[in-house]
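S.K.: The structure is given below, and queries will be raised subsequently.
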Amino acid sequence: MIHLEVVTPERKVFEADVDSVEVPGFDGELGILPGHTELVSKLKPAGLLTYHIGDEKGEMVISDGFVEVSPKRVTVLADRANRPEDLDLTSALAKKAEAEKLYQKAMSDSELDIKEVMAGLDRANLEAQLAENNK
Amino acid sequence: MPNLQDIRRRVRSVKNLQKITKAMKMVSAAKLRRAQERVTSARPYAQTMMRMLGRLAARAGDYQHPLLEVRDSDQHYVIALVTSDKGLAGAFNTNLIKAAQTFMRENSDKTFEMVTIGRKGRDFFRRRTEVINEYTDVPKLAVTHAGAAEIAHELMEKYTAEDSTVDRVFIIYNEFKSVLSQQVVIKQLLPISAEAFASEGDKAETEDQIDYIYEQPAAEILGTLLPRYVETQVFYALLESIASNHAAQMTAMDSASKNAGDVIDSLTLNMNRVRQASITREIIEVVSGAQALNG
């Protein structure tokens with residue numbers, strides 16, 4: 001078992017002992033099992049964190065931040081973290097539509113930061129998907 | 001002699017006042033509980049961040065970052081003052097404003113600029129100091145981390161701008177000690193003093209000697225962590241300030257309710273005296289009238 005903790009600046013989102021966890025690291029997915037060596041990495045601007053407890057599987061959308069791994073603990077410092085129960089399908093879909101519109105606009109408008117817009121779109125997509133699965 | 005009717009009217013008006021102050025006290029108490037919870041739930045993030053920063057700082061060596069860079073001159077200060085938007089909170093804002101003024105007087109040879117957060121500080125300093133930016137509606141700013149981040153970014157930009165003359169940035173806010181006491185804190189925000197979290201890192205280092213593997217270069221991670229550290233500091237200050245504000249408001253309204261109670265008591269006593277006096281007078285009139293008839 002490895003102790004997983006997901007915190008955002010506002011609150012502790014999740015804390016539990018899990019069997020394994022997959023974290024969206026900046027340079028690629030990190031699969032973490034108990035006894036993992038000490039590691040620090042940045043997180044993707046938008047990604048899906050998956051954890052397993054026995055046969056149970058849990059997911060959450062996390063974006064921007066850091067992960068700190070030690071043999072017994074995984075601490076995720078994310079700017080935002082949403083579990084399926086935090087998400088509402090209607091508002092998630094609305095956000096997704098909005099992000100898509102913004103993306104279209106960013107294609108022609110150089111004022112907008114394309115990287116940021118794309119991260120926003122990714123996040124909206126993931127959140128909508130997660131909300132959909134949870135329904 | 002005061003009229004009985006007038007005293008009754010005053011008692012009634014003070015009672016109405018007391019009802020309001022009591023209600024405000026209850027509201028503040030409820031809000032305080034929520035604000036305290038938010039401070040507590042923001043703590044794990046701040047602590048973990050400090051720990052990571054401590055280790056990274058030890059590892060990254062003489063890493064240079066604009067936010068760490070100490071200026072040669074020490075002339076130009078920027079103060080971020082966190083007050084509240086509304087009064088009725090005892091000495092909450094007065095203490096902050098006084099502390100800021102004292103601080104400026106002690107450093108009277110420096111140039112000051114101010115960023116006010118909260119209406120009260122803005123109203124006071126608008127005519128007295130150079131206020132470069134103002135934020136109001138503090139509770140709304142602190143709903144999410146993003147509001148605080150915006151303020152932090154402005155301060156950081158001000159500090160790191162190419163032609164910047166800013167030498168230090170401070171933040172002044174009320175720290176929540178307990179319901180009865182709030183303490184004014186003056187904290188240096190920029191440049192980030194490496195000692196602050198270096199000690200934190202030492203502690204962690206002695207606990208276990210193993211060093212991290214860094215997926216990205218340590219310097220790069222530190223570079224993204226540092227601005228976030230400043231954001232967190234500002235966010236934390238806002239949360240502390242909100243909790244303190246509710247606590248101060250609650251205490252102020254509690255004593256206001258008590259004072260109203262005292263006023264009601266003394267007015268009631270007065271009213272009863274007046275009533276008794278008039279009864280006595282009437283009896284005397286009746287008795288002496290009867291005597292005059294009998295005589």
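Starting from 1 in every chain, residues are counted up; chains themselves are A, B, ... following the order of the structure tokens, and ligands are numbered from 1 as listed.
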Can you list, as a ChimeraX atom specification, every residue of region 106-193 of chain B that DSSP puts in strand (DSSP E)?
M.R.: /B:111-117,131-135,168-176,182-190
S.K.: Which residues of chain A are close to chain B, meaning at most 9 Å apart when you count only C-alpha atoms, and how do they look as a list in words?
M.R.: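 Every residue meeting the condition is included here: Val7, Thr8, Pro9, Glu10, Arg11, Lys12, Gly25, Phe26, Asp27, Thr37, Glu38, Leu39, Val40, Ser41, Lys42, Gly65, Phe66, Glu68, Val69, Ser70, Thr75, Leu77, Ala78 and Asp79 of chain A.
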S.K.: So which residues touch Tyr135 (chain B) within 9 Å, counting only C-alpha atoms, skipping near sequence neighbours fewer than 4 positions away, as a ChimeraX atom specification?
M.R.: /B:115-119,122,141,151
S.K.: Excluding region 116-118 of chain A and its own-chain neighbours fewer than 6 positions away, which residues fall within 8 Å of it when counting only C-alpha atoms? Please give them as a ChimeraX atom specification.
M.R.: /A:99,102-103,106
S.K.: I need the residues in chain A that are helix (DSSP H, G or I) according to DSSP; give them as a PyMOL selection string.
M.R.: chain A and resi 84-86+89-108+114-134
